Structures are given as structure tokens and as C-alpha cells.
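Next up, upload_35.pdb (PDB, C-alpha atoms, pLDDT in the B column):
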ATOM      1  CA  MET A1345     -23.641   4.154   8.453  1.00 89.00           C
ATOM      2  CA  ILE A1346     -22.050   4.860   5.029  1.00 96.00           C
ATOM      3  CA  ARG A1347     -19.030   2.958   3.766  1.00 96.00           C
ATOM      4  CA  LEU A1348     -17.239   3.232   0.432  1.00 97.00           C
ATOM      5  CA  GLN A1349     -14.743   0.520  -0.497  1.00 97.00           C
ATOM      6  CA  LYS A1350     -12.467   1.031  -3.505  1.00 97.00           C
ATOM      7  CA  VAL A1351     -15.208   2.992  -5.257  1.00 97.00           C
ATOM      8  CA  ALA A1352     -14.576   4.331  -8.741  1.00 97.00           C
ATOM      9  CA  LYS A1353     -16.825   6.072 -11.246  1.00 97.00           C
ATOM     10  CA  VAL A1354     -15.902   6.428 -14.910  1.00 96.00           C
ATOM     11  CA  TYR A1355     -18.331   8.168 -17.249  1.00 94.00           C
ATOM     12  CA  ASP A1356     -18.734   7.566 -20.965  1.00 91.00           C
ATOM     13  CA  GLY A1357     -15.738   8.856 -22.855  1.00 90.00           C
ATOM     14  CA  GLY A1358     -13.355   7.732 -20.126  1.00 92.00           C
ATOM     15  CA  ILE A1359     -13.954  10.703 -17.805  1.00 93.00           C
ATOM     16  CA  VAL A1360     -12.903   9.595 -14.318  1.00 95.00           C
ATOM     17  CA  ALA A1361     -15.008  11.268 -11.607  1.00 96.00           C
ATOM     18  CA  VAL A1362     -14.020   9.134  -8.602  1.00 97.00           C
ATOM     19  CA  ARG A1363     -10.824   7.111  -8.188  1.00 96.00           C
ATOM     20  CA  ASP A1364     -10.754   4.124  -5.820  1.00 95.00           C
ATOM     21  CA  ILE A1365     -12.111   5.921  -2.757  1.00 96.00           C
ATOM     22  CA  ASP A1366     -12.277   4.331   0.693  1.00 96.00           C
ATOM     23  CA  MET A1367     -14.391   6.173   3.257  1.00 96.00           C
ATOM     24  CA  ASN A1368     -16.206   5.239   6.449  1.00 96.00           C
ATOM     25  CA  ILE A1369     -18.874   7.535   7.907  1.00 96.00           C
ATOM     26  CA  ARG A1370     -20.190   6.478  11.288  1.00 95.00           C
ATOM     27  CA  ARG A1371     -23.662   6.805  12.731  1.00 95.00           C
ATOM     28  CA  GLY A1372     -24.238  10.362  13.971  1.00 95.00           C
ATOM     29  CA  ASP A1373     -21.293  11.909  12.091  1.00 96.00           C
ATOM     30  CA  PHE A1374     -21.454  15.291  10.380  1.00 97.00           C
ATOM     31  CA  VAL A1375     -19.064  15.214   7.425  1.00 97.00           C
ATOM     32  CA  PHE A1376     -18.199  17.894   4.885  1.00 96.00           C
ATOM     33  CA  LEU A1377     -17.083  16.873   1.395  1.00 96.00           C
ATOM     34  CA  VAL A1378     -15.018  19.724  -0.010  1.00 95.00           C
ATOM     35  CA  GLY A1379     -12.833  20.381  -3.007  1.00 93.00           C
ATOM     36  CA  PRO A1380     -12.781  22.218  -6.335  1.00 91.00           C
ATOM     37  CA  SER A1381     -15.432  21.746  -9.009  1.00 90.00           C
ATOM     38  CA  GLY A1382     -15.057  18.352 -10.646  1.00 91.00           C
ATOM     39  CA  SER A1383     -13.398  16.794  -7.602  1.00 94.00           C
ATOM     40  CA  GLY A1384     -16.117  14.159  -7.194  1.00 95.00           C
ATOM     41  CA  LYS A1385     -18.236  15.556  -4.338  1.00 95.00           C
ATOM     42  CA  SER A1386     -21.597  15.463  -6.090  1.00 94.00           C
ATOM     43  CA  THR A1387     -20.818  12.149  -7.763  1.00 96.00           C
ATOM     44  CA  ILE A1388     -20.307  10.557  -4.348  1.00 97.00           C
ATOM     45  CA  ILE A1389     -23.643  11.951  -3.150  1.00 96.00           C
ATOM     46  CA  ARG A1390     -25.409  10.618  -6.260  1.00 95.00           C
ATOM     47  CA  MET A1391     -23.804   7.192  -5.938  1.00 96.00           C
ATOM     48  CA  CYS A1392     -24.924   6.951  -2.308  1.00 96.00           C
ATOM     49  CA  LEU A1393     -28.474   7.571  -3.573  1.00 94.00           C
ATOM     50  CA  ARG A1394     -28.021   5.121  -6.458  1.00 94.00           C
ATOM     51  CA  GLU A1395     -28.720   7.954  -8.884  1.00 94.00           C
ATOM     52  CA  GLU A1396     -25.379   6.900 -10.354  1.00 94.00           C
ATOM     53  CA  LYS A1397     -24.028   3.352 -10.368  1.00 95.00           C
ATOM     54  CA  VAL A1398     -20.450   2.678  -9.364  1.00 97.00           C
ATOM     55  CA  THR A1399     -18.043   1.521 -12.068  1.00 97.00           C
ATOM     56  CA  ARG A1400     -16.318  -0.661  -9.513  1.00 96.00           C
ATOM     57  CA  GLY A1401     -16.191  -1.032  -5.744  1.00 97.00           C
ATOM     58  CA  LYS A1402     -18.912  -1.265  -3.123  1.00 97.00           C
ATOM     59  CA  ILE A1403     -21.044   1.193  -1.157  1.00 97.00           C
ATOM     60  CA  TRP A1404     -22.949   0.316   1.996  1.00 96.00           C
ATOM     61  CA  VAL A1405     -25.714   2.668   3.138  1.00 95.00           C
ATOM     62  CA  ALA A1406     -27.524   1.949   6.419  1.00 90.00           C
ATOM     63  CA  GLY A1407     -26.112  -1.565   6.424  1.00 89.00           C
ATOM     64  CA  LYS A1408     -27.089  -2.474   2.839  1.00 91.00           C
ATOM     65  CA  ASP A1409     -24.734  -3.027  -0.079  1.00 95.00           C
ATOM     66  CA  ILE A1410     -26.486  -0.687  -2.499  1.00 95.00           C
ATOM     67  CA  THR A1411     -24.308  -1.761  -5.406  1.00 94.00           C
ATOM     68  CA  LYS A1412     -26.175  -5.083  -5.373  1.00 93.00           C
ATOM     69  CA  ILE A1413     -29.784  -4.068  -4.787  1.00 92.00           C
ATOM     70  CA  PRO A1414     -32.104  -4.315  -7.824  1.00 92.00           C
ATOM     71  CA  SER A1415     -33.496  -1.136  -9.361  1.00 90.00           C
ATOM     72  CA  TRP A1416     -37.000  -1.761  -8.019  1.00 91.00           C
ATOM     73  CA  LYS A1417     -35.650  -1.575  -4.451  1.00 90.00           C
ATOM     74  CA  VAL A1418     -33.948   1.809  -4.944  1.00 90.00           C
ATOM     75  CA  PRO A1419     -37.069   3.813  -3.897  1.00 87.00           C
ATOM     76  CA  TYR A1420     -37.067   1.885  -0.613  1.00 85.00           C
ATOM     77  CA  LEU A1421     -33.398   2.790  -0.083  1.00 87.00           C
ATOM     78  CA  ARG A1422     -34.211   6.459  -0.587  1.00 85.00           C
ATOM     79  CA  ARG A1423     -36.862   6.349   2.125  1.00 83.00           C
ATOM     80  CA  THR A1424     -34.021   5.912   4.624  1.00 87.00           C
ATOM     81  CA  VAL A1425     -32.002   8.795   3.183  1.00 94.00           C
ATOM     82  CA  GLY A1426     -33.125  12.430   3.296  1.00 94.00           C
ATOM     83  CA  THR A1427     -31.832  14.635   0.483  1.00 95.00           C
ATOM     84  CA  VAL A1428     -31.348  18.399   0.190  1.00 95.00           C
ATOM     85  CA  PHE A1429     -30.059  20.085  -2.954  1.00 91.00           C
ATOM     86  CA  GLN A1430     -28.977  23.541  -4.089  1.00 90.00           C
ATOM     87  CA  ASP A1431     -32.209  23.923  -6.053  1.00 90.00           C
ATOM     88  CA  PHE A1432     -35.063  23.395  -3.658  1.00 90.00           C
ATOM     89  CA  LYS A1433     -37.164  21.029  -5.828  1.00 89.00           C
ATOM     90  CA  LEU A1434     -40.423  22.099  -4.203  1.00 95.00           C
ATOM     91  CA  LEU A1435     -43.808  21.437  -5.798  1.00 96.00           C
ATOM     92  CA  PRO A1436     -45.020  24.914  -6.814  1.00 96.00           C
ATOM     93  CA  ASN A1437     -48.736  24.072  -6.682  1.00 97.00           C
ATOM     94  CA  LYS A1438     -48.593  22.759  -3.112  1.00 97.00           C
ATOM     95  CA  THR A1439     -48.369  24.704   0.129  1.00 98.00           C
ATOM     96  CA  VAL A1440     -45.494  24.422   2.582  1.00 98.00           C
ATOM     97  CA  ALA A1441     -47.416  21.870   4.653  1.00 97.00           C
ATOM     98  CA  GLU A1442     -48.474  19.942   1.550  1.00 97.00           C
ATOM     99  CA  ASN A1443     -44.893  19.793   0.250  1.00 97.00           C
ATOM    100  CA  VAL A1444     -43.725  18.302   3.532  1.00 97.00           C
ATOM    101  CA  ALA A1445     -46.715  15.969   3.821  1.00 96.00           C
ATOM    102  CA  PHE A1446     -46.079  14.669   0.311  1.00 94.00           C
ATOM    103  CA  ALA A1447     -42.840  13.028   1.462  1.00 92.00           C
ATOM    104  CA  LEU A1448     -44.844  10.961   3.949  1.00 92.00           C
ATOM    105  CA  LYS A1449     -47.790  10.213   1.690  1.00 91.00           C
ATOM    106  CA  VAL A1450     -45.656   8.650  -1.032  1.00 87.00           C
ATOM    107  CA  THR A1451     -44.426   6.099   1.515  1.00 85.00           C
ATOM    108  CA  GLY A1452     -47.999   5.161   2.412  1.00 87.00           C
ATOM    109  CA  CYS A1453     -48.020   6.751   5.863  1.00 89.00           C
ATOM    110  CA  PRO A1454     -51.445   6.857   7.552  1.00 92.00           C
ATOM    111  CA  ARG A1455     -53.134  10.255   7.597  1.00 92.00           C
ATOM    112  CA  SER A1456     -52.933  10.351  11.396  1.00 94.00           C
ATOM    113  CA  ILE A1457     -49.124  10.204  11.241  1.00 92.00           C
ATOM    114  CA  VAL A1458     -49.022  12.863   8.525  1.00 94.00           C
ATOM    115  CA  ARG A1459     -51.207  15.187  10.611  1.00 94.00           C
ATOM    116  CA  ASN A1460     -48.981  14.609  13.633  1.00 94.00           C
ATOM    117  CA  GLN A1461     -45.537  14.835  12.034  1.00 95.00           C
ATOM    118  CA  VAL A1462     -45.908  17.754   9.623  1.00 97.00           C
ATOM    119  CA  PRO A1463     -46.601  20.433  12.288  1.00 96.00           C
ATOM    120  CA  LYS A1464     -43.720  19.119  14.399  1.00 95.00           C
ATOM    121  CA  VAL A1465     -41.156  19.331  11.619  1.00 96.00           C
ATOM    122  CA  LEU A1466     -42.423  22.768  10.508  1.00 97.00           C
ATOM    123  CA  GLU A1467     -41.897  23.972  14.067  1.00 96.00           C
ATOM    124  CA  LEU A1468     -38.371  22.536  13.996  1.00 94.00           C
ATOM    125  CA  VAL A1469     -37.489  24.521  10.863  1.00 95.00           C
ATOM    126  CA  GLY A1470     -39.271  27.675  12.054  1.00 95.00           C
ATOM    127  CA  LEU A1471     -42.071  27.738   9.479  1.00 96.00           C
ATOM    128  CA  SER A1472     -45.170  26.951  11.535  1.00 96.00           C
ATOM    129  CA  ALA A1473     -46.639  30.362  10.708  1.00 97.00           C
ATOM    130  CA  LYS A1474     -46.183  29.831   6.962  1.00 97.00           C
ATOM    131  CA  ALA A1475     -47.644  26.345   6.589  1.00 97.00           C
ATOM    132  CA  ASP A1476     -50.345  27.587   4.182  1.00 97.00           C
ATOM    133  CA  ARG A1477     -48.055  29.597   1.912  1.00 97.00           C
ATOM    134  CA  TYR A1478     -46.832  28.517  -1.503  1.00 98.00           C
ATOM    135  CA  PRO A1479     -43.153  28.334  -2.490  1.00 97.00           C
ATOM    136  CA  ARG A1480     -43.440  31.506  -4.615  1.00 96.00           C
ATOM    137  CA  GLN A1481     -44.434  33.400  -1.458  1.00 97.00           C
ATOM    138  CA  LEU A1482     -41.252  32.409   0.391  1.00 97.00           C
ATOM    139  CA  SER A1483     -37.687  33.688   0.396  1.00 95.00           C
ATOM    140  CA  GLY A1484     -34.876  31.442  -0.825  1.00 95.00           C
ATOM    141  CA  GLY A1485     -33.867  30.597   2.729  1.00 95.00           C
ATOM    142  CA  GLU A1486     -37.444  29.711   3.645  1.00 96.00           C
ATOM    143  CA  GLN A1487     -37.761  27.486   0.588  1.00 97.00           C
ATOM    144  CA  GLN A1488     -34.608  25.650   1.611  1.00 96.00           C
ATOM    145  CA  ARG A1489     -36.071  25.183   5.093  1.00 96.00           C
ATOM    146  CA  VAL A1490     -39.117  23.572   3.506  1.00 97.00           C
ATOM    147  CA  SER A1491     -36.784  21.317   1.528  1.00 96.00           C
ATOM    148  CA  ILE A1492     -35.002  20.316   4.744  1.00 97.00           C
ATOM    149  CA  ALA A1493     -38.316  19.734   6.514  1.00 97.00           C
ATOM    150  CA  ARG A1494     -39.437  17.470   3.688  1.00 96.00           C
ATOM    151  CA  ALA A1495     -36.134  15.552   3.835  1.00 95.00           C
ATOM    152  CA  PHE A1496     -36.368  15.090   7.600  1.00 95.00           C
ATOM    153  CA  VAL A1497     -40.092  14.557   8.184  1.00 95.00           C
ATOM    154  CA  ASN A1498     -39.818  10.750   8.196  1.00 91.00           C
ATOM    155  CA  ARG A1499     -36.795  10.936  10.532  1.00 93.00           C
ATOM    156  CA  PRO A1500     -34.255   9.287   8.202  1.00 93.00           C
ATOM    157  CA  PRO A1501     -31.038   7.958   9.746  1.00 95.00           C
ATOM    158  CA  ILE A1502     -29.034   9.694   6.981  1.00 96.00           C
ATOM    159  CA  LEU A1503     -29.316  13.121   5.354  1.00 97.00           C
ATOM    160  CA  LEU A1504     -27.284  13.943   2.233  1.00 97.00           C
ATOM    161  CA  ALA A1505     -26.957  17.610   1.266  1.00 96.00           C
ATOM    162  CA  ASP A1506     -25.400  18.754  -2.014  1.00 95.00           C
ATOM    163  CA  GLU A1507     -24.484  22.469  -1.876  1.00 94.00           C
ATOM    164  CA  PRO A1508     -27.610  23.316   0.178  1.00 94.00           C
ATOM    165  CA  THR A1509     -26.438  26.909   0.731  1.00 93.00           C
ATOM    166  CA  GLY A1510     -25.193  27.474  -2.817  1.00 90.00           C
ATOM    167  CA  ASN A1511     -28.031  29.830  -3.782  1.00 87.00           C
ATOM    168  CA  LEU A1512     -28.259  31.629  -0.441  1.00 92.00           C
ATOM    169  CA  ASP A1513     -26.654  34.734   1.014  1.00 92.00           C
ATOM    170  CA  PRO A1514     -24.183  34.309   3.908  1.00 90.00           C
ATOM    171  CA  ALA A1515     -26.603  35.304   6.666  1.00 90.00           C
ATOM    172  CA  THR A1516     -29.269  32.907   5.417  1.00 93.00           C
ATOM    173  CA  SER A1517     -26.664  30.174   5.030  1.00 93.00           C
ATOM    174  CA  VAL A1518     -25.809  30.453   8.721  1.00 92.00           C
ATOM    175  CA  GLY A1519     -29.430  29.746   9.632  1.00 93.00           C
ATOM    176  CA  ILE A1520     -29.534  26.710   7.336  1.00 95.00           C
ATOM    177  CA  MET A1521     -26.358  25.325   8.869  1.00 95.00           C
ATOM    178  CA  ARG A1522     -27.711  25.781  12.388  1.00 93.00           C
ATOM    179  CA  LEU A1523     -30.749  23.800  11.302  1.00 95.00           C
ATOM    180  CA  LEU A1524     -28.650  20.989   9.826  1.00 96.00           C
ATOM    181  CA  ASP A1525     -26.561  20.950  13.005  1.00 95.00           C
ATOM    182  CA  ARG A1526     -29.750  20.648  15.086  1.00 94.00           C
ATOM    183  CA  ILE A1527     -30.902  17.724  12.931  1.00 95.00           C
ATOM    184  CA  ASN A1528     -27.506  16.063  13.300  1.00 96.00           C
ATOM    185  CA  ARG A1529     -27.766  16.378  17.071  1.00 94.00           C
ATOM    186  CA  THR A1530     -30.982  14.317  16.990  1.00 93.00           C
ATOM    187  CA  GLY A1531     -28.831  11.416  15.783  1.00 95.00           C
ATOM    188  CA  THR A1532     -29.144  11.772  12.008  1.00 96.00           C
ATOM    189  CA  THR A1533     -25.918  11.293  10.068  1.00 97.00           C
ATOM    190  CA  VAL A1534     -25.291  14.320   7.808  1.00 97.00           C
ATOM    191  CA  VAL A1535     -23.015  14.372   4.766  1.00 97.00           C
ATOM    192  CA  MET A1536     -22.749  17.731   3.018  1.00 97.00           C
ATOM    193  CA  ALA A1537     -20.903  18.745  -0.145  1.00 96.00           C
ATOM    194  CA  THR A1538     -19.932  22.415  -0.158  1.00 94.00           C
ATOM    195  CA  HIS A1539     -17.639  25.083  -1.590  1.00 88.00           C
ATOM    196  CA  ASP A1540     -18.313  27.469   1.283  1.00 87.00           C
ATOM    197  CA  HIS A1541     -15.098  28.268   3.205  1.00 82.00           C
ATOM    198  CA  ALA A1542     -16.861  30.127   6.011  1.00 87.00           C
ATOM    199  CA  ILE A1543     -19.279  27.301   6.768  1.00 90.00           C
ATOM    200  CA  VAL A1544     -16.511  24.724   6.981  1.00 91.00           C
ATOM    201  CA  ASP A1545     -14.445  26.914   9.316  1.00 88.00           C
ATOM    202  CA  ALA A1546     -17.429  27.794  11.529  1.00 88.00           C
ATOM    203  CA  MET A1547     -18.761  24.255  11.977  1.00 88.00           C
ATOM    204  CA  ARG A1548     -15.457  22.572  12.944  1.00 86.00           C
ATOM    205  CA  ARG A1549     -16.577  19.098  11.926  1.00 92.00           C
ATOM    206  CA  ARG A1550     -14.964  16.287   9.993  1.00 95.00           C
ATOM    207  CA  VAL A1551     -13.776  17.488   6.590  1.00 95.00           C
ATOM    208  CA  VAL A1552     -12.943  15.183   3.683  1.00 96.00           C
ATOM    209  CA  ARG A1553     -11.117  16.999   0.889  1.00 95.00           C
ATOM    210  CA  LEU A1554     -11.330  15.617  -2.620  1.00 96.00           C
ATOM    211  CA  ASP A1555      -9.216  16.476  -5.623  1.00 95.00           C
ATOM    212  CA  ARG A1556      -9.567  14.908  -9.070  1.00 94.00           C
ATOM    213  CA  GLY A1557     -11.707  12.138  -7.667  1.00 95.00           C
ATOM    214  CA  LYS A1558      -9.400  11.122  -4.816  1.00 96.00           C
ATOM    215  CA  VAL A1559      -9.440  11.743  -1.073  1.00 95.00           C
ATOM    216  CA  VAL A1560      -6.402  13.900  -0.383  1.00 95.00           C
ATOM    217  CA  ARG A1561      -7.159  14.843   3.204  1.00 93.00           C
ATOM    218  CA  ASP A1562      -9.491  13.673   5.971  1.00 93.00           C
ATOM    219  CA  ARG A1563      -9.457  15.636   9.200  1.00 83.00           C
ATOM    220  CA  LEU A1564     -11.651  15.780  12.284  1.00 72.00           C
ATOM    221  CA  ASP A1565     -12.841  18.882  14.141  1.00 51.00           C
ATOM    222  CA  SER A1566      -9.952  21.278  14.779  1.00 43.00           C
ATOM    223  CA  GLY A1567      -7.380  19.076  13.036  1.00 44.00           C
ATOM    224  CA  TYR A1568      -6.868  21.709  10.335  1.00 43.00           C
ATOM    225  CA  GLU A1569      -5.835  25.320  10.525  1.00 40.00           C
ATOM    226  CA  SER A1570      -7.993  26.871   7.840  1.00 39.00           C
ATOM    227  CA  ALA A1571     -10.680  25.911   5.372  1.00 43.00           C
ATOM    228  CA  ASP A1572      -8.491  27.547   2.711  1.00 44.00           C
ATOM    229  CA  ASP A1573      -6.102  24.587   3.033  1.00 45.00           C
ATOM    230  CA  LEU A1574      -8.954  22.166   2.432  1.00 44.00           C
ATOM    231  CA  LEU A1575     -10.931  23.906  -0.281  1.00 46.00           C
ATOM    232  CA  GLU A1576      -8.281  25.271  -2.584  1.00 42.00           C
ATOM    233  CA  PRO A1577      -6.588  23.008  -5.150  1.00 36.00           C
TER     234      PRO A1577
END
Whole structure, C-alpha cells version:
Amino acid sequence: MIRLQKVAKVYDGGIVAVRDIDMNIRRGDFVFLVGPSGSGKSTIIRMCLREEKVTRGKIWVAGKDITKIPSWKVPYLRRTVGTVFQDFKLLPNKTVAENVAFALKVTGCPRSIVRNQVPKVLELVGLSAKADRYPRQLSGGEQQRVSIARAFVNRPPILLADEPTGNLDPATSVGIMRLLDRINRTGTTVVMATHDHAIVDAMRRRVVRLDRGKVVRDRLDSGYESADDLLEP
């Protein structure tokens, strides 16, 4: 579903963010990217979205070599990839339902599909009763649920999440992770960058540890003893 082959990213000034990474993420996987700040987690997420171009190497997303697609095709790539970030990126002048519907409308979905899908995804994230509220009327956890609903409303095969619990308290983070786990169980591949030790330990999924732009460990399920081993430099 996502494949990186000898991928490197060097920023202006010679700053190396990613060093010749090979990684293969299969359909339906749930993968954590962990490591200290500056290890390359967010850069990998951005390269998979073509927000950043690779310096060298190749990345395949949903069967397409995205290092070769022209810029005008990038929006079409992103329709197959849901994204969730630490800052919720909601439209403040639109209601919960309108924020979610917007993700469908920009792809040209018929109104009948919008009317059908939005209530379903709001039920999935537990916000049916707050469809008419505005982001300012929601808690941080609720705003992140709206963000997840918007990312998932068109049922993308891939969901990329960059520190989605970074601004949330531990109890709220648990609810967000249960939601992402539920989405993964529908068949969506989830890749999540995080610093959160407790989440990594609780989920017991594949964990790829990065350090200084390189993969230093890649373990599945209970193949590690503690998240401390994976998260600390």
C-alpha cells in the first residue's frame, strides 16, 4: 500500500532529514512511526502526501509512484489519502457537518452522496448530536474527531496521522486511538507518527523507530518489551 525505496530527503543548507530509508507498509496495516524530534517522522508523512519531494529514491502510494506524478495530479493523489494532524485544521465558519461535507464537495461528489455519507461518519466518530455546532463550541478531542471524520468520509484506503493526540490529554487520546483502531479494522491502512509512549504500548501494533533519519528498529505487535526502548534515543 505504501513503499519507500532508498528514500532520502536533504533540505537547503545540507540538513539531512531522511537517509536512504526502505519501508513496506501493507494493505490494512497499522504502523507507528516513533523516534525523537528531528528523526524524520513528519518528513516521511509529508513526502507520502507529496507536500515534500524526495531528494532521491522512490515512494509508491496506493500503487502509484508519486515521485513521478506531475504537480497537477497531486490533488488526485490526496483524495485517496486521509490526513489528520496535531492542529485540527477545521474551517471555523462551518459547522461540524459542513466541515465533513466539504471534504466530499471538493471532489465533486453528488449532493445525494454527501447527504448519505456525512451522517454515517458522524455516527462513527460519536458526534451525531453535535452536527450543527461550530468548532469553537467543541472540546479539543471533539475537534479532532471532526478532523478524523473529514479524513475518513470518502473512505480512503490510507490514513496518515501526524501527532494526532499531541494537543490532547491522556484520557481524550485514548478515545482518539480507539477511533483510529476502528477505522483501521474497516480495512484502511493507518500510519501514525507519535511521541506518546503510552499509546504505543497500549496498541501493540507494528512500530518503526527512526533516529537521525534512519530506520533503527522495526518490530511487529509484541516483538518489543517497552515503548521506552523504541521512543528514547
For segment 1444-1459 of chain A, take all atoms listed in the file, fit an axis-aligned box around them, add 5 Å to each of the six sides, then output centre and edge lengths in Å rounded to one decimal, as lines of an AutoDock Vina configuration file.
center_x = -48.0
center_y = 11.7
center_z = 5.2
size_x = 20.3
size_y = 23.1
size_z = 22.4
What does the distance between atom CA of Val1497 of chain A and atom CA of Asp1373 of chain A come to in Å, to one decimal place? 19.4 Å
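For the structure shown here, the set of residues caught by the PyMOL selection byres ((chain A and resi 1386) around 10) is Ala1361, Leu1377, Val1378, Ser1381, Gly1382, Ser1383, Gly1384, Lys1385, Thr1387, Ile1388, Ile1389, Arg1390, Met1391, Cys1392, Ala1505, Asp1506, Glu1507, Met1536, Ala1537 and Thr1538 of chain A.
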Would you write out, as a PyMOL selection string, every residue that the PyMOL selection byres ((chain A and resi 1451-1461) around 10) captures in this file? chain A and resi 1419-1420+1423+1441-1442+1444-1450+1462-1466+1497-1499
Just so the selection is clear, what residues does the PyMOL selection byres ((chain A and resi 1483) around 12) cover here, as an mmCIF file with C-alpha atoms, keeping the file's coordinate frame?
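Resulting contents of out-v7.cif:
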data_model
loop_
_atom_site.group_PDB
_atom_site.id
_atom_site.type_symbol
_atom_site.label_atom_id
_atom_site.label_comp_id
_atom_site.auth_asym_id
_atom_site.auth_seq_id
_atom_site.Cartn_x
_atom_site.Cartn_y
_atom_site.Cartn_z
ATOM 1 C CA PHE A 1432 -35.063 23.395 -3.658
ATOM 2 C CA LEU A 1471 -42.071 27.738 9.479
ATOM 3 C CA LYS A 1474 -46.183 29.831 6.962
ATOM 4 C CA ARG A 1477 -48.055 29.597 1.912
ATOM 5 C CA TYR A 1478 -46.832 28.517 -1.503
ATOM 6 C CA PRO A 1479 -43.153 28.334 -2.490
ATOM 7 C CA ARG A 1480 -43.440 31.506 -4.615
ATOM 8 C CA GLN A 1481 -44.434 33.400 -1.458
ATOM 9 C CA LEU A 1482 -41.252 32.409 0.391
ATOM 10 C CA GLY A 1484 -34.876 31.442 -0.825
ATOM 11 C CA GLY A 1485 -33.867 30.597 2.729
ATOM 12 C CA GLU A 1486 -37.444 29.711 3.645
ATOM 13 C CA GLN A 1487 -37.761 27.486 0.588
ATOM 14 C CA GLN A 1488 -34.608 25.650 1.611
ATOM 15 C CA ARG A 1489 -36.071 25.183 5.093
ATOM 16 C CA VAL A 1490 -39.117 23.572 3.506
ATOM 17 C CA ASN A 1511 -28.031 29.830 -3.782
ATOM 18 C CA LEU A 1512 -28.259 31.629 -0.441
ATOM 19 C CA ASP A 1513 -26.654 34.734 1.014
ATOM 20 C CA THR A 1516 -29.269 32.907 5.417
#
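Rounded to one decimal, atom CA of Gln1349 of chain A and atom CA of Val1544 of chain A lie 25.4 Å from each other.
In this comparison, which uses all atoms listed in the file, the residue of A:Ile1369, A:Val1534, A:Ile1520, A:Val1469 approaching Arg1347 of chain A most closely is A:Ile1369.
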Do you know which residues are at most 12 Å from Arg1422 of chain A counting only C-alpha atoms, after dropping those on the same chain fewer than 2 positions away, and could you put them as a VMD selection string? chain A and resid 1390 to 1395 1405 to 1406 1408 1410 1415 to 1420 1424 to 1427 1447 1450 to 1451 1495 1498 1500 to 1504
Keeping C-alpha atoms for every residue in the selection just given, could you write it to a file as an mmCIF file, keeping the file's coordinate frame?
data_model
loop_
_atom_site.group_PDB
_atom_site.id
_atom_site.type_symbol
_atom_site.label_atom_id
_atom_site.label_comp_id
_atom_site.auth_asym_id
_atom_site.auth_seq_id
_atom_site.Cartn_x
_atom_site.Cartn_y
_atom_site.Cartn_z
ATOM 1 C CA ARG A 1390 -25.409 10.618 -6.260
ATOM 2 C CA MET A 1391 -23.804 7.192 -5.938
ATOM 3 C CA CYS A 1392 -24.924 6.951 -2.308
ATOM 4 C CA LEU A 1393 -28.474 7.571 -3.573
ATOM 5 C CA ARG A 1394 -28.021 5.121 -6.458
ATOM 6 C CA GLU A 1395 -28.720 7.954 -8.884
ATOM 7 C CA VAL A 1405 -25.714 2.668 3.138
ATOM 8 C CA ALA A 1406 -27.524 1.949 6.419
ATOM 9 C CA LYS A 1408 -27.089 -2.474 2.839
ATOM 10 C CA ILE A 1410 -26.486 -0.687 -2.499
ATOM 11 C CA SER A 1415 -33.496 -1.136 -9.361
ATOM 12 C CA TRP A 1416 -37.000 -1.761 -8.019
ATOM 13 C CA LYS A 1417 -35.650 -1.575 -4.451
ATOM 14 C CA VAL A 1418 -33.948 1.809 -4.944
ATOM 15 C CA PRO A 1419 -37.069 3.813 -3.897
ATOM 16 C CA TYR A 1420 -37.067 1.885 -0.613
ATOM 17 C CA THR A 1424 -34.021 5.912 4.624
ATOM 18 C CA VAL A 1425 -32.002 8.795 3.183
ATOM 19 C CA GLY A 1426 -33.125 12.430 3.296
ATOM 20 C CA THR A 1427 -31.832 14.635 0.483
ATOM 21 C CA ALA A 1447 -42.840 13.028 1.462
ATOM 22 C CA VAL A 1450 -45.656 8.650 -1.032
ATOM 23 C CA THR A 1451 -44.426 6.099 1.515
ATOM 24 C CA ALA A 1495 -36.134 15.552 3.835
ATOM 25 C CA ASN A 1498 -39.818 10.750 8.196
ATOM 26 C CA PRO A 1500 -34.255 9.287 8.202
ATOM 27 C CA PRO A 1501 -31.038 7.958 9.746
ATOM 28 C CA ILE A 1502 -29.034 9.694 6.981
ATOM 29 C CA LEU A 1503 -29.316 13.121 5.354
ATOM 30 C CA LEU A 1504 -27.284 13.943 2.233
#
All residues 6 Å or closer to Val1351 of chain A, all atoms listed in the file, same chain fewer than 6 positions away omitted, as a list in words: Asp1364, Ile1365, Arg1400 and Gly1401 of chain A
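In this structure, atom CA of Leu1434 of chain A sits 20.1 Å away from atom CA of Ile1527 of chain A.
For the residues A:Phe1429, A:Trp1404, A:Tyr1355, A:Phe1376, ranking by smallest atom-to-atom distance to Leu1564 of chain A using only C-alpha atoms places A:Phe1376 first.
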Quick one: segment 1397-1407 of chain A with N, CA and C atoms, as a short mmCIF file (atom, residue, chain, number, x, y, z; two decimals), in the coordinates of the input?
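After the write, out-v4.cif holds the following:
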data_model
loop_
_atom_site.label_atom_id
_atom_site.label_comp_id
_atom_site.auth_asym_id
_atom_site.auth_seq_id
_atom_site.Cartn_x
_atom_site.Cartn_y
_atom_site.Cartn_z
N LYS A 1397 -24.59 4.64 -10.75
CA LYS A 1397 -24.03 3.35 -10.37
C LYS A 1397 -22.51 3.44 -10.34
N VAL A 1398 -21.91 2.71 -9.42
CA VAL A 1398 -20.45 2.68 -9.36
C VAL A 1398 -19.91 1.92 -10.58
N THR A 1399 -18.72 2.30 -11.03
CA THR A 1399 -18.04 1.52 -12.07
C THR A 1399 -17.40 0.29 -11.46
N ARG A 1400 -16.83 0.47 -10.28
CA ARG A 1400 -16.32 -0.66 -9.51
C ARG A 1400 -16.29 -0.26 -8.04
N GLY A 1401 -16.19 -1.28 -7.18
CA GLY A 1401 -16.19 -1.03 -5.74
C GLY A 1401 -17.57 -1.30 -5.14
N LYS A 1402 -17.67 -1.02 -3.85
CA LYS A 1402 -18.91 -1.26 -3.12
C LYS A 1402 -19.25 -0.07 -2.24
N ILE A 1403 -20.55 0.17 -2.08
CA ILE A 1403 -21.04 1.19 -1.16
C ILE A 1403 -22.11 0.57 -0.26
N TRP A 1404 -21.93 0.73 1.04
CA TRP A 1404 -22.95 0.32 2.00
C TRP A 1404 -23.63 1.56 2.56
N VAL A 1405 -24.93 1.58 2.56
CA VAL A 1405 -25.71 2.67 3.14
C VAL A 1405 -26.71 2.05 4.12
N ALA A 1406 -26.64 2.48 5.37
CA ALA A 1406 -27.52 1.95 6.42
C ALA A 1406 -27.49 0.42 6.45
N GLY A 1407 -26.29 -0.13 6.30
CA GLY A 1407 -26.11 -1.56 6.42
C GLY A 1407 -26.37 -2.38 5.18
#
